[in-house]
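One file, data-v8.txt, carrying compact mmCIF, N, CA and C atoms:
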# COMPACT_ATOMS: atom_id res chain seq x y z
N MET A 19 -75.33 -118.28 -37.77
CA MET A 19 -74.76 -118.66 -36.50
C MET A 19 -75.02 -117.54 -35.50
N ASP A 20 -75.49 -117.88 -34.34
CA ASP A 20 -75.83 -116.91 -33.31
C ASP A 20 -74.56 -116.48 -32.56
N ASP A 21 -74.21 -115.21 -32.69
CA ASP A 21 -73.00 -114.69 -32.05
C ASP A 21 -73.05 -114.83 -30.53
N GLN A 22 -74.25 -114.82 -29.97
CA GLN A 22 -74.41 -114.95 -28.51
C GLN A 22 -74.07 -116.37 -28.05
N ILE A 23 -73.99 -117.31 -28.97
CA ILE A 23 -73.61 -118.69 -28.64
C ILE A 23 -72.12 -118.91 -28.94
N VAL A 24 -71.66 -118.37 -30.06
CA VAL A 24 -70.28 -118.61 -30.50
C VAL A 24 -69.27 -117.97 -29.56
N ARG A 25 -69.46 -116.71 -29.20
CA ARG A 25 -68.47 -116.04 -28.35
C ARG A 25 -68.25 -116.79 -27.04
N PRO A 26 -69.29 -117.17 -26.30
CA PRO A 26 -69.05 -117.94 -25.07
C PRO A 26 -68.38 -119.30 -25.35
N ALA A 27 -68.70 -119.92 -26.48
CA ALA A 27 -68.06 -121.19 -26.83
C ALA A 27 -66.57 -120.98 -27.07
N LEU A 28 -66.22 -119.88 -27.73
CA LEU A 28 -64.81 -119.56 -27.95
C LEU A 28 -64.10 -119.25 -26.63
N GLU A 29 -64.73 -118.49 -25.78
CA GLU A 29 -64.14 -118.17 -24.48
C GLU A 29 -63.91 -119.45 -23.67
N HIS A 30 -64.86 -120.37 -23.72
CA HIS A 30 -64.73 -121.67 -23.04
C HIS A 30 -63.57 -122.47 -23.65
N HIS A 31 -63.48 -122.47 -24.97
CA HIS A 31 -62.41 -123.19 -25.68
C HIS A 31 -61.04 -122.69 -25.25
N TRP A 32 -60.84 -121.38 -25.26
CA TRP A 32 -59.53 -120.82 -24.92
C TRP A 32 -59.21 -120.98 -23.44
N ALA A 33 -60.21 -120.87 -22.58
CA ALA A 33 -59.98 -121.09 -21.14
C ALA A 33 -59.58 -122.55 -20.89
N ALA A 34 -60.26 -123.48 -21.58
CA ALA A 34 -59.91 -124.90 -21.45
C ALA A 34 -58.52 -125.18 -22.00
N SER A 35 -58.16 -124.50 -23.10
CA SER A 35 -56.82 -124.64 -23.67
C SER A 35 -55.77 -124.21 -22.66
N ASP A 36 -56.01 -123.07 -22.02
CA ASP A 36 -55.06 -122.55 -21.03
C ASP A 36 -54.96 -123.48 -19.82
N ALA A 37 -56.08 -124.09 -19.44
CA ALA A 37 -56.10 -124.96 -18.27
C ALA A 37 -55.58 -126.37 -18.56
N GLY A 38 -55.35 -126.68 -19.84
CA GLY A 38 -54.90 -128.03 -20.19
C GLY A 38 -56.01 -129.06 -20.13
N ASP A 39 -57.26 -128.60 -20.24
CA ASP A 39 -58.42 -129.50 -20.24
C ASP A 39 -58.69 -129.93 -21.68
N PHE A 40 -58.06 -131.03 -22.10
CA PHE A 40 -58.10 -131.46 -23.50
C PHE A 40 -59.50 -131.87 -23.96
N GLU A 41 -60.32 -132.38 -23.06
CA GLU A 41 -61.69 -132.74 -23.45
C GLU A 41 -62.50 -131.50 -23.76
N ALA A 42 -62.54 -130.57 -22.82
CA ALA A 42 -63.33 -129.34 -23.01
C ALA A 42 -62.78 -128.49 -24.15
N GLU A 43 -61.46 -128.48 -24.31
CA GLU A 43 -60.82 -127.68 -25.36
C GLU A 43 -61.32 -128.08 -26.75
N HIS A 44 -61.62 -129.36 -26.93
CA HIS A 44 -61.95 -129.85 -28.27
C HIS A 44 -63.44 -130.06 -28.52
N GLU A 45 -64.28 -129.69 -27.56
CA GLU A 45 -65.73 -129.78 -27.75
C GLU A 45 -66.20 -128.88 -28.88
N ILE A 46 -65.46 -127.83 -29.18
CA ILE A 46 -65.86 -126.83 -30.17
C ILE A 46 -65.75 -127.36 -31.61
N TYR A 47 -65.00 -128.44 -31.82
CA TYR A 47 -64.74 -128.95 -33.17
C TYR A 47 -65.75 -130.03 -33.56
N CYS A 48 -66.17 -130.01 -34.83
CA CYS A 48 -66.99 -131.10 -35.34
C CYS A 48 -66.08 -132.31 -35.58
N GLU A 49 -66.65 -133.47 -35.73
CA GLU A 49 -65.88 -134.72 -35.86
C GLU A 49 -64.89 -134.68 -37.02
N ASP A 50 -65.27 -134.07 -38.13
CA ASP A 50 -64.39 -134.06 -39.31
C ASP A 50 -63.71 -132.71 -39.53
N ALA A 51 -63.47 -131.99 -38.44
CA ALA A 51 -62.81 -130.68 -38.52
C ALA A 51 -61.42 -130.81 -39.13
N VAL A 52 -60.95 -129.70 -39.69
CA VAL A 52 -59.61 -129.63 -40.28
C VAL A 52 -58.88 -128.47 -39.62
N LEU A 53 -57.62 -128.71 -39.23
CA LEU A 53 -56.76 -127.69 -38.65
C LEU A 53 -55.54 -127.53 -39.53
N ASP A 54 -55.29 -126.30 -39.99
CA ASP A 54 -54.13 -126.00 -40.83
C ASP A 54 -53.12 -125.14 -40.09
N TYR A 55 -51.84 -125.51 -40.25
CA TYR A 55 -50.71 -124.71 -39.79
C TYR A 55 -49.91 -124.34 -41.04
N PRO A 56 -50.23 -123.23 -41.71
CA PRO A 56 -49.56 -122.88 -42.97
C PRO A 56 -48.04 -122.74 -42.86
N GLN A 57 -47.55 -122.25 -41.72
CA GLN A 57 -46.11 -122.03 -41.60
C GLN A 57 -45.30 -123.32 -41.62
N SER A 58 -45.89 -124.41 -41.14
CA SER A 58 -45.19 -125.70 -41.16
C SER A 58 -45.69 -126.59 -42.29
N GLY A 59 -46.75 -126.15 -42.97
CA GLY A 59 -47.29 -126.95 -44.07
C GLY A 59 -48.08 -128.16 -43.60
N GLU A 60 -48.57 -128.13 -42.35
CA GLU A 60 -49.29 -129.28 -41.80
C GLU A 60 -50.81 -129.08 -41.87
N ARG A 61 -51.51 -130.17 -42.11
CA ARG A 61 -52.97 -130.21 -42.04
C ARG A 61 -53.32 -131.42 -41.19
N ILE A 62 -54.18 -131.21 -40.21
CA ILE A 62 -54.63 -132.29 -39.34
C ILE A 62 -56.13 -132.45 -39.55
N ARG A 63 -56.55 -133.66 -39.87
CA ARG A 63 -57.97 -133.94 -40.15
C ARG A 63 -58.59 -134.73 -39.00
N GLY A 64 -59.73 -134.25 -38.56
CA GLY A 64 -60.51 -134.96 -37.55
C GLY A 64 -60.26 -134.45 -36.14
N ARG A 65 -61.35 -134.32 -35.38
CA ARG A 65 -61.26 -133.82 -34.00
C ARG A 65 -60.32 -134.67 -33.15
N ARG A 66 -60.40 -135.98 -33.28
CA ARG A 66 -59.54 -136.85 -32.46
C ARG A 66 -58.06 -136.62 -32.77
N ASN A 67 -57.73 -136.45 -34.04
CA ASN A 67 -56.33 -136.21 -34.41
C ASN A 67 -55.85 -134.83 -33.94
N ILE A 68 -56.73 -133.84 -34.02
CA ILE A 68 -56.38 -132.51 -33.53
C ILE A 68 -56.10 -132.59 -32.03
N GLN A 69 -56.99 -133.25 -31.32
CA GLN A 69 -56.83 -133.40 -29.87
C GLN A 69 -55.55 -134.17 -29.55
N GLU A 70 -55.30 -135.25 -30.23
CA GLU A 70 -54.11 -136.06 -29.98
C GLU A 70 -52.83 -135.28 -30.26
N SER A 71 -52.84 -134.46 -31.32
CA SER A 71 -51.65 -133.67 -31.64
C SER A 71 -51.32 -132.68 -30.52
N ARG A 72 -52.33 -132.17 -29.88
CA ARG A 72 -52.11 -131.22 -28.79
C ARG A 72 -51.75 -131.93 -27.49
N TYR A 73 -52.34 -133.09 -27.30
CA TYR A 73 -52.04 -133.88 -26.10
C TYR A 73 -50.58 -134.35 -26.12
N ALA A 74 -50.09 -134.69 -27.30
CA ALA A 74 -48.72 -135.20 -27.45
C ALA A 74 -47.67 -134.11 -27.33
N GLN A 75 -48.07 -132.85 -27.40
CA GLN A 75 -47.14 -131.73 -27.32
C GLN A 75 -46.59 -131.66 -25.90
N PRO A 76 -45.27 -131.80 -25.72
CA PRO A 76 -44.71 -131.93 -24.37
C PRO A 76 -44.54 -130.64 -23.58
N ASN A 77 -44.56 -129.49 -24.22
CA ASN A 77 -44.29 -128.24 -23.52
C ASN A 77 -45.47 -127.80 -22.66
N LYS A 78 -45.14 -127.04 -21.60
CA LYS A 78 -46.19 -126.41 -20.79
C LYS A 78 -46.69 -125.20 -21.57
N LYS A 79 -47.98 -125.16 -21.83
CA LYS A 79 -48.58 -124.09 -22.64
C LYS A 79 -49.43 -123.18 -21.77
N ARG A 80 -49.42 -121.89 -22.11
CA ARG A 80 -50.30 -120.91 -21.52
C ARG A 80 -50.86 -120.04 -22.63
N PHE A 81 -52.10 -119.62 -22.49
CA PHE A 81 -52.78 -118.81 -23.49
C PHE A 81 -53.24 -117.50 -22.86
N ALA A 82 -52.98 -116.39 -23.53
CA ALA A 82 -53.49 -115.09 -23.12
C ALA A 82 -54.22 -114.49 -24.32
N ILE A 83 -55.51 -114.37 -24.22
CA ILE A 83 -56.32 -113.85 -25.31
C ILE A 83 -56.18 -112.34 -25.36
N ARG A 84 -55.87 -111.83 -26.54
CA ARG A 84 -55.79 -110.37 -26.73
C ARG A 84 -57.14 -109.85 -27.18
N ARG A 85 -57.78 -110.55 -28.13
CA ARG A 85 -59.13 -110.17 -28.54
C ARG A 85 -59.75 -111.27 -29.39
N ILE A 86 -61.06 -111.29 -29.36
CA ILE A 86 -61.86 -112.19 -30.19
C ILE A 86 -62.78 -111.29 -31.00
N ILE A 87 -62.73 -111.45 -32.32
CA ILE A 87 -63.60 -110.67 -33.19
C ILE A 87 -64.23 -111.60 -34.21
N GLY A 88 -65.38 -111.21 -34.68
CA GLY A 88 -66.02 -112.01 -35.71
C GLY A 88 -67.52 -111.89 -35.64
N GLY A 89 -68.15 -112.72 -36.43
CA GLY A 89 -69.60 -112.76 -36.48
C GLY A 89 -70.02 -113.85 -37.44
N GLY A 90 -71.23 -114.32 -37.23
CA GLY A 90 -71.72 -115.38 -38.10
C GLY A 90 -70.85 -116.62 -38.02
N ASP A 91 -70.38 -117.08 -39.16
CA ASP A 91 -69.61 -118.32 -39.23
C ASP A 91 -68.10 -118.12 -39.25
N LEU A 92 -67.62 -116.88 -39.08
CA LEU A 92 -66.18 -116.62 -39.15
C LEU A 92 -65.73 -115.82 -37.93
N TRP A 93 -64.78 -116.39 -37.18
CA TRP A 93 -64.29 -115.77 -35.95
C TRP A 93 -62.77 -115.81 -35.92
N ILE A 94 -62.18 -114.75 -35.38
CA ILE A 94 -60.73 -114.62 -35.30
C ILE A 94 -60.35 -114.34 -33.86
N THR A 95 -59.37 -115.08 -33.38
CA THR A 95 -58.83 -114.85 -32.04
C THR A 95 -57.36 -114.50 -32.15
N GLU A 96 -56.99 -113.38 -31.57
CA GLU A 96 -55.58 -113.02 -31.43
C GLU A 96 -55.17 -113.40 -30.02
N PHE A 97 -54.04 -114.11 -29.91
CA PHE A 97 -53.61 -114.54 -28.58
C PHE A 97 -52.10 -114.68 -28.52
N VAL A 98 -51.61 -114.76 -27.29
CA VAL A 98 -50.20 -115.04 -27.06
C VAL A 98 -50.15 -116.45 -26.49
N LEU A 99 -49.43 -117.30 -27.18
CA LEU A 99 -49.25 -118.68 -26.74
C LEU A 99 -47.82 -118.82 -26.25
N SER A 100 -47.67 -119.16 -24.99
CA SER A 100 -46.33 -119.34 -24.44
C SER A 100 -46.07 -120.83 -24.23
N TYR A 101 -44.97 -121.29 -24.80
CA TYR A 101 -44.48 -122.65 -24.58
C TYR A 101 -43.31 -122.54 -23.61
N ASP A 102 -43.45 -123.16 -22.45
CA ASP A 102 -42.39 -123.11 -21.43
C ASP A 102 -41.92 -121.68 -21.17
N GLY A 103 -42.87 -120.74 -21.15
CA GLY A 103 -42.58 -119.35 -20.84
C GLY A 103 -42.10 -118.49 -21.99
N VAL A 104 -41.93 -119.06 -23.17
CA VAL A 104 -41.47 -118.30 -24.34
C VAL A 104 -42.70 -117.93 -25.18
N PRO A 105 -43.00 -116.62 -25.31
CA PRO A 105 -44.21 -116.21 -26.02
C PRO A 105 -44.10 -116.30 -27.53
N SER A 106 -45.22 -116.67 -28.15
CA SER A 106 -45.39 -116.64 -29.59
C SER A 106 -46.74 -115.98 -29.84
N TYR A 107 -46.76 -115.04 -30.74
CA TYR A 107 -47.99 -114.32 -31.04
C TYR A 107 -48.74 -115.08 -32.12
N ALA A 108 -50.04 -115.27 -31.91
CA ALA A 108 -50.78 -116.17 -32.78
C ALA A 108 -52.14 -115.59 -33.16
N VAL A 109 -52.62 -116.06 -34.31
CA VAL A 109 -53.96 -115.74 -34.79
C VAL A 109 -54.62 -117.06 -35.17
N SER A 110 -55.83 -117.24 -34.68
CA SER A 110 -56.64 -118.40 -35.03
C SER A 110 -57.85 -117.92 -35.81
N ILE A 111 -58.05 -118.50 -36.98
CA ILE A 111 -59.22 -118.19 -37.80
C ILE A 111 -60.09 -119.44 -37.78
N MET A 112 -61.28 -119.31 -37.21
CA MET A 112 -62.19 -120.45 -37.10
C MET A 112 -63.43 -120.22 -37.95
N GLU A 113 -63.77 -121.25 -38.71
CA GLU A 113 -64.98 -121.24 -39.53
C GLU A 113 -65.96 -122.23 -38.91
N PHE A 114 -67.19 -121.76 -38.69
CA PHE A 114 -68.20 -122.55 -38.02
C PHE A 114 -69.28 -123.04 -38.98
N CYS A 115 -69.84 -124.18 -38.66
CA CYS A 115 -71.01 -124.72 -39.35
C CYS A 115 -71.84 -125.45 -38.31
N GLU A 116 -73.09 -125.06 -38.18
CA GLU A 116 -74.00 -125.68 -37.23
C GLU A 116 -73.44 -125.69 -35.81
N GLY A 117 -72.81 -124.57 -35.43
CA GLY A 117 -72.37 -124.39 -34.06
C GLY A 117 -71.02 -124.97 -33.70
N GLN A 118 -70.33 -125.59 -34.65
CA GLN A 118 -69.02 -126.16 -34.36
C GLN A 118 -68.00 -125.74 -35.42
N VAL A 119 -66.73 -125.79 -35.02
CA VAL A 119 -65.66 -125.43 -35.94
C VAL A 119 -65.45 -126.58 -36.93
N PHE A 120 -65.49 -126.25 -38.23
CA PHE A 120 -65.19 -127.26 -39.24
C PHE A 120 -63.83 -127.01 -39.87
N HIS A 121 -63.32 -125.76 -39.73
CA HIS A 121 -61.99 -125.45 -40.28
C HIS A 121 -61.35 -124.37 -39.42
N GLU A 122 -60.10 -124.61 -39.04
CA GLU A 122 -59.33 -123.62 -38.30
C GLU A 122 -57.96 -123.49 -38.95
N THR A 123 -57.49 -122.26 -39.05
CA THR A 123 -56.14 -121.98 -39.51
C THR A 123 -55.46 -121.17 -38.43
N GLN A 124 -54.25 -121.60 -38.04
CA GLN A 124 -53.49 -120.88 -37.02
C GLN A 124 -52.17 -120.39 -37.60
N TYR A 125 -51.88 -119.11 -37.33
CA TYR A 125 -50.63 -118.48 -37.74
C TYR A 125 -49.87 -118.08 -36.49
N PHE A 126 -48.55 -118.26 -36.50
CA PHE A 126 -47.70 -117.95 -35.36
C PHE A 126 -46.58 -117.01 -35.76
N ALA A 127 -46.21 -116.12 -34.84
CA ALA A 127 -45.08 -115.21 -35.07
C ALA A 127 -44.31 -115.04 -33.77
N ASP A 128 -43.01 -115.14 -33.85
CA ASP A 128 -42.17 -114.92 -32.69
C ASP A 128 -41.97 -113.43 -32.45
N ARG A 129 -41.68 -113.09 -31.22
CA ARG A 129 -41.39 -111.71 -30.85
C ARG A 129 -40.08 -111.29 -31.51
N PHE A 130 -39.97 -109.99 -31.88
CA PHE A 130 -38.74 -109.48 -32.45
C PHE A 130 -38.49 -108.07 -31.91
N GLU A 131 -37.27 -107.66 -31.97
CA GLU A 131 -36.89 -106.33 -31.49
C GLU A 131 -37.37 -105.27 -32.48
N PRO A 132 -37.80 -104.11 -31.96
CA PRO A 132 -38.26 -103.05 -32.85
C PRO A 132 -37.13 -102.49 -33.70
N ALA A 133 -37.49 -102.02 -34.87
CA ALA A 133 -36.51 -101.43 -35.79
C ALA A 133 -36.11 -100.04 -35.31
N PRO A 134 -34.82 -99.77 -35.22
CA PRO A 134 -34.37 -98.43 -34.80
C PRO A 134 -34.86 -97.32 -35.72
N SER A 135 -35.08 -97.63 -36.98
CA SER A 135 -35.48 -96.61 -37.94
C SER A 135 -36.85 -96.01 -37.66
N ARG A 136 -37.67 -96.69 -36.88
CA ARG A 136 -39.00 -96.15 -36.58
C ARG A 136 -39.19 -95.85 -35.09
N ALA A 137 -38.12 -95.90 -34.32
CA ALA A 137 -38.21 -95.69 -32.87
C ALA A 137 -38.88 -94.36 -32.52
N HIS A 138 -38.64 -93.33 -33.30
CA HIS A 138 -39.22 -92.02 -33.02
C HIS A 138 -40.72 -91.95 -33.35
N LEU A 139 -41.27 -92.99 -33.95
CA LEU A 139 -42.68 -92.99 -34.37
C LEU A 139 -43.58 -93.86 -33.51
N VAL A 140 -43.00 -94.65 -32.63
CA VAL A 140 -43.79 -95.66 -31.93
C VAL A 140 -43.77 -95.46 -30.42
N GLU A 141 -44.71 -96.09 -29.78
CA GLU A 141 -44.71 -96.22 -28.32
C GLU A 141 -44.65 -97.71 -28.01
N ARG A 142 -44.02 -98.06 -26.93
CA ARG A 142 -43.85 -99.47 -26.57
C ARG A 142 -45.14 -99.99 -25.92
N MET A 143 -45.57 -101.15 -26.35
CA MET A 143 -46.72 -101.82 -25.77
C MET A 143 -46.24 -102.63 -24.57
N GLY A 144 -47.13 -102.88 -23.63
CA GLY A 144 -46.78 -103.71 -22.48
C GLY A 144 -46.62 -105.16 -22.87
N ASP A 145 -45.99 -105.92 -22.03
CA ASP A 145 -45.81 -107.34 -22.28
C ASP A 145 -47.15 -108.05 -22.10
N THR A 146 -47.56 -108.81 -23.10
CA THR A 146 -48.86 -109.50 -23.04
C THR A 146 -48.70 -110.99 -22.94
N ALA A 147 -47.50 -111.46 -22.62
CA ALA A 147 -47.28 -112.90 -22.49
C ALA A 147 -47.91 -113.40 -21.20
N PRO A 148 -48.53 -114.59 -21.25
CA PRO A 148 -49.09 -115.15 -20.02
C PRO A 148 -47.97 -115.63 -19.10
N PRO A 149 -48.26 -115.78 -17.82
CA PRO A 149 -47.23 -116.24 -16.87
C PRO A 149 -46.75 -117.64 -17.18

For this file, produce the structure as structure tokens.
Amino acid sequence: MDDQIVRPALEHHWAASDAGDFEAEHEIYCEDAVLDYPQSGERIRGRRNIQESRYAQPNKKRFAIRRIIGGGDLWITEFVLSYDGVPSYAVSIMEFCEGQVFHETQYFADRFEPAPSRAHLVERMGDTAPP
């Protein structure tokens, strides 16, 4: 897989996701793609079902990409997904075949307060939630 093709396709996918452009957002998936949400135990099969599941989601969503890393057929995107202004930190693992995603796994984590026991060891990061 040509990294010079995949990275712009991923950037287009996430920009379309943030803009609510459901057609462009799902161009990256092959027809029989699979999307897994391990935390909820859900698996969605097929591009149309993936698209419909996102279209049916009633909350206002915003995406802020922290970084995209990968190469060849395996790419990882770290991002902050905000539903109605509440941030959730997420990782998307996408596996490609012939230029399209055939399998994606997404993991989500809510923000939490830092542990007092390590306060003397850390520096605070800025807020990375999208508007």

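Excluding range 48-56 of chain A and any residue on its chain fewer than 4 positions from it, the residues at most 8 Å away by all atoms listed in the file are His44, Glu60, Arg61, Ile62, Arg63, Gly64, Arg65, Arg66, Asn67, Ile68, Cys115, Gly117, Gln118, Val119, Phe120, His121, Glu122, Thr123, Gln124, Tyr125 and Phe126 of chain A.
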
Can you write out the residues you just picked, keeping N, CA and C atoms, as a tab-separated table (two decimals), in the frame of the given file?
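Now in part13.tsv:
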chain	number	residue	atom	x	y	z
A	44	HIS	N	-61.62	-129.36	-26.93
A	44	HIS	CA	-61.95	-129.85	-28.27
A	44	HIS	C	-63.44	-130.06	-28.52
A	60	GLU	N	-48.57	-128.13	-42.35
A	60	GLU	CA	-49.29	-129.28	-41.80
A	60	GLU	C	-50.81	-129.08	-41.87
A	61	ARG	N	-51.51	-130.17	-42.11
A	61	ARG	CA	-52.97	-130.21	-42.04
A	61	ARG	C	-53.32	-131.42	-41.19
A	62	ILE	N	-54.18	-131.21	-40.21
A	62	ILE	CA	-54.63	-132.29	-39.34
A	62	ILE	C	-56.13	-132.45	-39.55
A	63	ARG	N	-56.55	-133.66	-39.87
A	63	ARG	CA	-57.97	-133.94	-40.15
A	63	ARG	C	-58.59	-134.73	-39.00
A	64	GLY	N	-59.73	-134.25	-38.56
A	64	GLY	CA	-60.51	-134.96	-37.55
A	64	GLY	C	-60.26	-134.45	-36.14
A	65	ARG	N	-61.35	-134.32	-35.38
A	65	ARG	CA	-61.26	-133.82	-34.00
A	65	ARG	C	-60.32	-134.67	-33.15
A	66	ARG	N	-60.40	-135.98	-33.28
A	66	ARG	CA	-59.54	-136.85	-32.46
A	66	ARG	C	-58.06	-136.62	-32.77
A	67	ASN	N	-57.73	-136.45	-34.04
A	67	ASN	CA	-56.33	-136.21	-34.41
A	67	ASN	C	-55.85	-134.83	-33.94
A	68	ILE	N	-56.73	-133.84	-34.02
A	68	ILE	CA	-56.38	-132.51	-33.53
A	68	ILE	C	-56.10	-132.59	-32.03
A	115	CYS	N	-69.84	-124.18	-38.66
A	115	CYS	CA	-71.01	-124.72	-39.35
A	115	CYS	C	-71.84	-125.45	-38.31
A	117	GLY	N	-72.81	-124.57	-35.43
A	117	GLY	CA	-72.37	-124.39	-34.06
A	117	GLY	C	-71.02	-124.97	-33.70
A	118	GLN	N	-70.33	-125.59	-34.65
A	118	GLN	CA	-69.02	-126.16	-34.36
A	118	GLN	C	-68.00	-125.74	-35.42
A	119	VAL	N	-66.73	-125.79	-35.02
A	119	VAL	CA	-65.66	-125.43	-35.94
A	119	VAL	C	-65.45	-126.58	-36.93
A	120	PHE	N	-65.49	-126.25	-38.23
A	120	PHE	CA	-65.19	-127.26	-39.24
A	120	PHE	C	-63.83	-127.01	-39.87
A	121	HIS	N	-63.32	-125.76	-39.73
A	121	HIS	CA	-61.99	-125.45	-40.28
A	121	HIS	C	-61.35	-124.37	-39.42
A	122	GLU	N	-60.10	-124.61	-39.04
A	122	GLU	CA	-59.33	-123.62	-38.30
A	122	GLU	C	-57.96	-123.49	-38.95
A	123	THR	N	-57.49	-122.26	-39.05
A	123	THR	CA	-56.14	-121.98	-39.51
A	123	THR	C	-55.46	-121.17	-38.43
A	124	GLN	N	-54.25	-121.60	-38.04
A	124	GLN	CA	-53.49	-120.88	-37.02
A	124	GLN	C	-52.17	-120.39	-37.60
A	125	TYR	N	-51.88	-119.11	-37.33
A	125	TYR	CA	-50.63	-118.48	-37.74
A	125	TYR	C	-49.87	-118.08	-36.49
A	126	PHE	N	-48.55	-118.26	-36.50
A	126	PHE	CA	-47.70	-117.95	-35.36
A	126	PHE	C	-46.58	-117.01	-35.76

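Note that the spacing between atom N of Gly88 in chain A and atom C of His30 in chain A amounts to 15.9 Å.
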
Using Å and a single decimal, report how far CA of His31 in chain A sits from atom C of Glu43 in chain A.
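So the two atoms, atom C of Glu43 in chain A and CA of His31 in chain A, lie 5.1 Å apart.
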
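The space between CA of Gln57 in chain A and CA of Ser100 in chain A spans 17.4 Å.
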
Per-residue DSSP, chain A, filtered to strand (DSSP E or B), as a VMD selection string:
chain A and resid 47 to 55 60 to 63 79 to 89 92 to 101 104 to 115 118 to 128

Point (-71.3, -122.5, -31.7), cut-off 7 Å, counting all atoms listed in the file, residues as a tab-separated table (two decimals) with N, CA and C atoms, in the coordinates of the input:
chain	number	residue	atom	x	y	z
A	20	ASP	N	-75.49	-117.88	-34.34
A	20	ASP	CA	-75.83	-116.91	-33.31
A	20	ASP	C	-74.56	-116.48	-32.56
A	23	ILE	N	-73.99	-117.31	-28.97
A	23	ILE	CA	-73.61	-118.69	-28.64
A	23	ILE	C	-72.12	-118.91	-28.94
A	24	VAL	N	-71.66	-118.37	-30.06
A	24	VAL	CA	-70.28	-118.61	-30.50
A	24	VAL	C	-69.27	-117.97	-29.56
A	25	ARG	N	-69.46	-116.71	-29.20
A	25	ARG	CA	-68.47	-116.04	-28.35
A	25	ARG	C	-68.25	-116.79	-27.04
A	27	ALA	N	-68.70	-119.92	-26.48
A	27	ALA	CA	-68.06	-121.19	-26.83
A	27	ALA	C	-66.57	-120.98	-27.07
A	28	LEU	N	-66.22	-119.88	-27.73
A	28	LEU	CA	-64.81	-119.56	-27.95
A	28	LEU	C	-64.10	-119.25	-26.63
A	116	GLU	N	-73.09	-125.06	-38.18
A	116	GLU	CA	-74.00	-125.68	-37.23
A	116	GLU	C	-73.44	-125.69	-35.81
A	117	GLY	N	-72.81	-124.57	-35.43
A	117	GLY	CA	-72.37	-124.39	-34.06
A	117	GLY	C	-71.02	-124.97	-33.70
A	118	GLN	N	-70.33	-125.59	-34.65
A	118	GLN	CA	-69.02	-126.16	-34.36
A	118	GLN	C	-68.00	-125.74	-35.42
A	119	VAL	N	-66.73	-125.79	-35.02
A	119	VAL	CA	-65.66	-125.43	-35.94
A	119	VAL	C	-65.45	-126.58	-36.93

Choose the residue, out of A:Trp93, A:Tyr107, A:Phe114, A:Tyr73, that has the smallest atom-to-atom separation from Ala127 in chain A; count all atoms listed in the file.
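So, comparing all the options, the nearest one is A:Tyr107.
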
Residues at most 10 Å from Pro132 in chain A, counting only C-alpha atoms, excluding those fewer than 5 positions away in the same chain, as a PyMOL selection string?
chain A and resi 137+140+142
